[in-house]
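Below is input-v8.txt, holding compact mmCIF, C-alpha atoms.
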```
# COMPACT_ATOMS: atom_id res chain seq x y z
CA PRO K 17 177.92 103.82 131.18
CA THR K 18 179.55 104.72 127.88
CA ALA K 19 183.16 104.46 126.93
CA SER K 20 183.58 108.16 127.61
CA GLU K 21 182.46 107.66 131.25
CA GLN K 22 184.98 104.84 131.95
CA PRO K 23 188.01 105.72 134.06
CA LYS K 24 191.00 107.05 132.26
CA SER K 25 193.23 104.38 133.77
CA ARG K 26 190.94 101.70 132.29
CA GLN K 27 191.07 103.41 128.90
CA CYS K 28 194.82 103.63 129.11
CA TRP K 29 195.10 99.98 130.13
CA GLN K 30 192.79 98.92 127.30
CA ALA K 31 194.92 100.92 124.90
CA MET K 32 198.08 99.33 126.29
CA ALA K 33 196.69 95.79 126.60
CA PRO K 34 196.97 93.44 123.64
CA THR K 35 193.78 92.24 121.96
CA THR K 36 194.55 88.53 121.83
CA SER K 37 196.08 85.85 123.98
CA GLN K 38 199.00 85.74 121.61
CA GLY K 39 199.66 89.34 122.40
CA TRP K 40 199.85 88.55 126.13
CA SER K 41 202.13 85.64 125.41
CA SER K 42 204.29 87.79 123.19
CA ILE K 43 205.02 90.17 126.06
CA SER K 44 208.44 89.38 127.34
CA MET K 45 208.47 89.43 131.09
CA PRO K 46 211.78 89.71 132.74
CA PRO K 47 212.84 86.69 134.67
CA CYS K 48 211.88 86.69 138.30
CA THR K 49 215.01 87.26 140.20
CA ASN K 50 215.70 88.18 143.73
CA SER K 51 217.31 91.36 142.59
CA ALA K 52 214.04 92.91 141.05
CA SER K 53 214.15 96.55 140.66
CA PRO K 54 211.78 98.69 142.77
CA THR K 55 210.42 100.40 139.64
CA MET K 56 209.20 97.12 138.20
CA VAL K 57 207.46 96.20 141.47
CA VAL K 58 205.71 99.56 141.61
CA THR K 59 204.56 99.19 138.04
CA LEU K 60 203.09 95.74 138.67
CA ASP K 61 201.33 96.96 141.80
CA SER K 62 199.85 99.91 139.98
CA VAL K 63 198.68 97.65 137.13
CA ALA K 64 197.11 95.23 139.62
CA ALA K 65 195.39 98.10 141.43
CA THR K 66 194.11 99.48 138.16
CA LEU K 67 192.78 96.08 137.15
CA GLU K 68 191.07 95.61 140.50
CA LYS K 69 189.55 99.06 140.23
CA ASP K 70 188.33 98.34 136.71
CA LEU K 71 186.96 95.00 137.86
CA GLU K 72 185.06 96.69 140.70
CA ASP K 73 183.71 99.30 138.31
CA GLU K 74 182.62 96.53 135.95
CA ARG K 75 180.93 94.62 138.77
CA ARG K 76 179.20 97.77 139.94
CA GLU K 77 177.95 98.48 136.41
CA ARG K 78 176.76 94.89 136.07
CA ARG K 79 174.95 95.13 139.39
CA GLU K 80 173.29 98.38 138.29
CA GLN K 81 172.28 96.77 135.00
CA VAL K 82 170.94 93.71 136.83
CA ALA K 83 169.00 95.94 139.24
CA PHE K 84 167.62 97.97 136.33
CA LEU K 85 166.61 94.80 134.51
CA ASN K 86 165.06 93.44 137.73
CA ARG K 87 163.03 96.63 138.12
CA ILE K 88 161.87 96.43 134.49
CA CYS K 89 161.03 92.74 134.92
CA ALA K 90 159.07 93.51 138.12
CA LYS K 91 157.13 96.27 136.37
CA GLU K 92 156.44 93.99 133.39
CA ARG K 93 155.36 91.24 135.80
CA GLU K 94 153.02 93.65 137.63
CA LEU K 95 151.62 94.84 134.30
CA LEU K 96 151.07 91.27 133.10
CA VAL K 97 149.52 90.27 136.44
CA GLY K 98 147.20 93.30 136.24
CA ARG K 99 146.21 92.41 132.70
CA ALA K 100 145.62 88.79 133.68
CA GLU K 101 143.46 89.86 136.63
CA SER K 102 141.54 92.27 134.36
CA PHE K 103 141.02 89.50 131.82
CA GLN K 104 139.88 87.15 134.58
CA ARG K 105 137.39 89.74 135.85
CA GLN K 106 136.12 90.37 132.32
CA PHE K 107 135.85 86.63 131.75
CA ALA K 108 133.94 86.19 135.03
CA GLU K 109 131.57 89.08 134.13
CA ALA K 110 131.07 87.72 130.61
CA LYS K 111 130.43 84.23 131.98
CA GLU K 112 127.93 85.60 134.51
CA LEU K 113 126.19 87.61 131.77
CA TRP K 114 126.18 84.57 129.51
CA ASP K 115 124.67 82.45 132.30
CA ARG K 116 121.93 85.04 132.88
CA GLU K 117 121.18 85.33 129.17
CA ARG K 118 121.18 81.56 128.83
CA ALA K 119 118.73 81.19 131.70
CA LEU K 120 116.54 83.93 130.20
CA LEU K 121 116.63 82.30 126.78
CA GLN K 122 115.84 78.91 128.30
CA ASP K 123 112.84 80.43 130.08
CA ARG K 124 111.67 82.04 126.85
CA ILE K 125 112.17 78.79 124.95
CA HIS K 126 110.18 76.91 127.59
CA VAL K 127 107.36 79.46 127.43
CA SER K 128 107.41 79.37 123.63
CA GLU K 129 107.39 75.56 123.59
CA THR K 130 104.48 75.54 126.04
CA ALA K 131 102.53 78.05 123.95
CA ILE K 132 103.33 76.19 120.73
CA ALA K 133 102.29 72.89 122.30
CA ALA K 134 99.02 74.44 123.49
CA SER K 135 98.35 76.00 120.09
CA ASN K 136 99.23 72.75 118.35
CA ARG K 137 96.90 70.86 120.67
CA PHE K 138 94.11 73.35 119.99
CA SER K 139 94.80 73.21 116.25
CA LEU K 140 94.80 69.42 116.35
CA GLU K 141 91.50 69.32 118.23
CA TRP K 142 89.98 71.87 115.86
CA ALA K 143 91.26 69.93 112.85
CA GLU K 144 89.82 66.69 114.23
CA ALA K 145 86.45 68.36 114.88
CA LYS K 146 86.54 69.90 111.41
CA GLU K 147 87.37 66.53 109.90
CA VAL K 148 84.45 64.89 111.74
CA SER K 149 82.07 67.64 110.57
CA LEU K 150 83.36 67.34 106.99
CA GLN K 151 82.89 63.58 107.08
CA ARG K 152 79.33 64.09 108.28
CA GLN K 153 78.70 66.61 105.53
CA ILE K 154 80.18 64.23 102.97
CA SER K 155 77.96 61.41 104.17
CA ASP K 156 74.93 63.73 104.08
CA LEU K 157 75.84 64.85 100.57
CA ARG K 158 76.23 61.28 99.43
CA GLN K 159 72.85 60.37 100.87
CA SER K 160 71.23 63.42 99.23
CA GLU K 161 72.99 62.59 95.97
CA GLN K 162 71.65 59.04 96.11
CA SER K 163 68.13 60.31 96.85
CA LEU K 164 68.39 62.83 94.00
CA GLU K 165 69.57 60.13 91.64
CA ALA K 166 66.58 57.98 92.64
CA GLN K 167 64.22 60.93 92.07
CA VAL K 168 65.82 61.68 88.71
CA GLN K 169 65.49 58.10 87.62
CA LYS K 170 61.87 58.08 88.77
CA GLU K 171 61.12 61.31 86.89
CA GLN K 172 62.85 60.01 83.78
CA SER K 173 60.76 56.86 83.89
CA LEU K 174 57.59 58.96 84.35
CA ARG K 175 58.54 61.21 81.46
CA GLU K 176 59.23 58.25 79.26
CA ASP K 177 55.83 56.79 80.16
CA GLU K 178 54.11 60.14 79.49
CA THR K 179 55.98 60.52 76.22
CA LYS K 180 54.88 57.06 75.12
CA ARG K 181 51.31 57.80 76.18
CA TRP K 182 51.06 61.28 74.67
CA SER K 183 53.09 60.74 71.51
CA PRO K 184 50.00 60.25 69.16
CA THR K 185 48.19 63.18 70.75
CA ILE K 186 51.30 65.33 70.32
CA THR K 187 51.43 64.40 66.61
CA GLU K 188 47.80 65.43 66.15
CA LEU K 189 48.43 68.64 68.05
CA HIS K 190 51.43 69.43 65.84
CA SER K 191 49.29 68.94 62.72
CA LYS K 192 46.51 71.12 64.13
CA LEU K 193 49.06 73.72 65.12
CA ALA K 194 50.42 73.77 61.56
CA GLU K 195 46.89 74.24 60.20
CA LEU K 196 46.20 77.03 62.67
CA ARG K 197 49.45 78.74 61.73
CA ALA K 198 48.48 78.57 58.05
CA GLU K 199 45.03 80.04 58.80
CA LEU K 200 46.70 82.72 60.91
CA ASP K 201 49.01 83.64 58.04
CA MET K 202 46.03 83.88 55.66
CA SER K 203 44.10 86.05 58.10
CA LYS K 204 47.17 88.26 58.56
CA LYS K 205 47.42 88.75 54.81
CA GLU K 206 43.69 89.54 54.49
CA SER K 207 43.79 91.94 57.41
CA ALA K 208 46.85 93.63 55.88
CA ALA K 209 44.96 94.12 52.60
CA LYS K 210 41.92 95.48 54.43
CA ILE K 211 44.16 97.80 56.43
CA GLN K 212 45.63 99.13 53.19
CA GLU K 213 42.13 99.72 51.77
CA LEU K 214 40.96 101.45 54.91
CA THR K 215 44.12 103.54 54.93
CA GLY K 216 43.37 104.72 51.38
CA GLU K 217 39.78 105.51 52.30
CA LEU K 218 40.97 107.36 55.40
CA GLN K 219 43.35 109.44 53.34
CA SER K 220 40.55 110.31 50.89
CA CYS K 221 38.25 111.22 53.79
CA GLN K 222 40.98 113.41 55.24
CA SER K 223 41.39 115.20 51.91
CA GLN K 224 37.61 115.71 51.67
CA ARG K 225 37.57 117.02 55.23
CA ASP K 226 40.35 119.42 54.46
CA ASN K 227 38.45 120.68 51.39
CA ALA K 228 35.23 121.13 53.41
CA ALA K 229 37.11 122.99 56.10
CA GLY K 230 38.59 125.33 53.50
CA ALA K 231 35.17 125.99 51.96
CA PHE K 232 33.67 126.59 55.40
CA LYS K 233 36.40 129.11 56.15
CA GLU K 234 35.66 130.95 52.88
CA VAL K 235 31.93 131.04 53.74
CA LEU K 236 32.69 132.40 57.21
CA SER K 237 34.98 135.04 55.80
CA LYS K 238 32.29 136.11 53.25
CA GLN K 239 29.66 136.20 56.00
CA ALA K 240 31.90 138.32 58.16
CA ALA K 241 32.48 140.72 55.23
CA CYS K 242 28.71 140.98 54.62
CA GLU K 243 28.04 141.68 58.29
CA ALA K 244 30.71 144.34 58.26
CA GLU K 245 29.12 146.02 55.21
CA ALA K 246 25.66 145.86 56.84
CA VAL K 247 26.98 147.46 59.98
CA ALA K 248 28.67 150.16 57.93
CA ILE K 249 25.43 150.90 56.05
CA ILE K 250 23.44 151.14 59.27
```
Output the file's structure in the form of structure tokens.
Amino acid sequence: PTASEQPKSRQCWQAMAPTTSQGWSSISMPPCTNSASPTMVVTLDSVAATLEKDLEDERRERREQVAFLNRICAKERELLVGRAESFQRQFAEAKELWDRERALLQDRIHVSETAIAASNRFSLEWAEAKEVSLQRQISDLRQSEQSLEAQVQKEQSLREDETKRWSPTITELHSKLAELRAELDMSKKESAAKIQELTGELQSCQSQRDNAAGAFKEVLSKQAACEAEAVAII
């Protein structure tokens, strides 16, 4: 409650009451005598009643405030308990999901490891078989290379022997070949000269043939003219 809602007697008493302990001590109380006036007794009673009433009002306000705070605290406690329970449920669900996913991933990892191990085993076996086959091929190639080297050496020795044996014959053949080439060159030159002579004769024959053909054409044309005149006379 606000100051405006407080009882008027309390407001009046607060206005009348001093603010410090010195103020209370500065109030001069009349000495307590047996001959107290009735007015003073009534005033003290009314002040005491007012104070008791104010004290009761204050206690009631404090109790209301405490009850209000207790209600707020209970609501906050319920809200926090609800949040904690919700978090616990979410944590339990997340843990359960994590356990399931972990088991699934472990199964997948096991399957993958098994498949990888099988593939690695197959690859290793294949590589070993390939290595054995390559070693065999290498050994075969080495053997063939050795045999080829032996054959080459044998052929070289045979060629050397043949070269030594046929070297004089080859020299004679080279000399004969040179002579034959010279004779061939001479015959080529002679044949070229003869071809030129024959070409000249052929050209002269062609010119004579052309002249004879022209004369024959003139004779035929004259004969045709004579026949035409004879026919016209007849």
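Note that the spacing between atom CA of Phe232 of chain K and atom CA of Ala248 of chain K amounts to 24.2 Å.
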Query raised in the report: Separation of atom CA of Ala198 of chain K and atom CA of Ser183 of chain K, in Å?
Result: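 If I compute the distance from atom CA of Ala198 of chain K to atom CA of Ser183 of chain K, I get 22.8 Å.
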Requested in this report: Rounded to one decimal place, report the atom CA of Lys192 of chain K-atom CA of Arg175 of chain K distance in Å.
Outcome: 23.3 Å
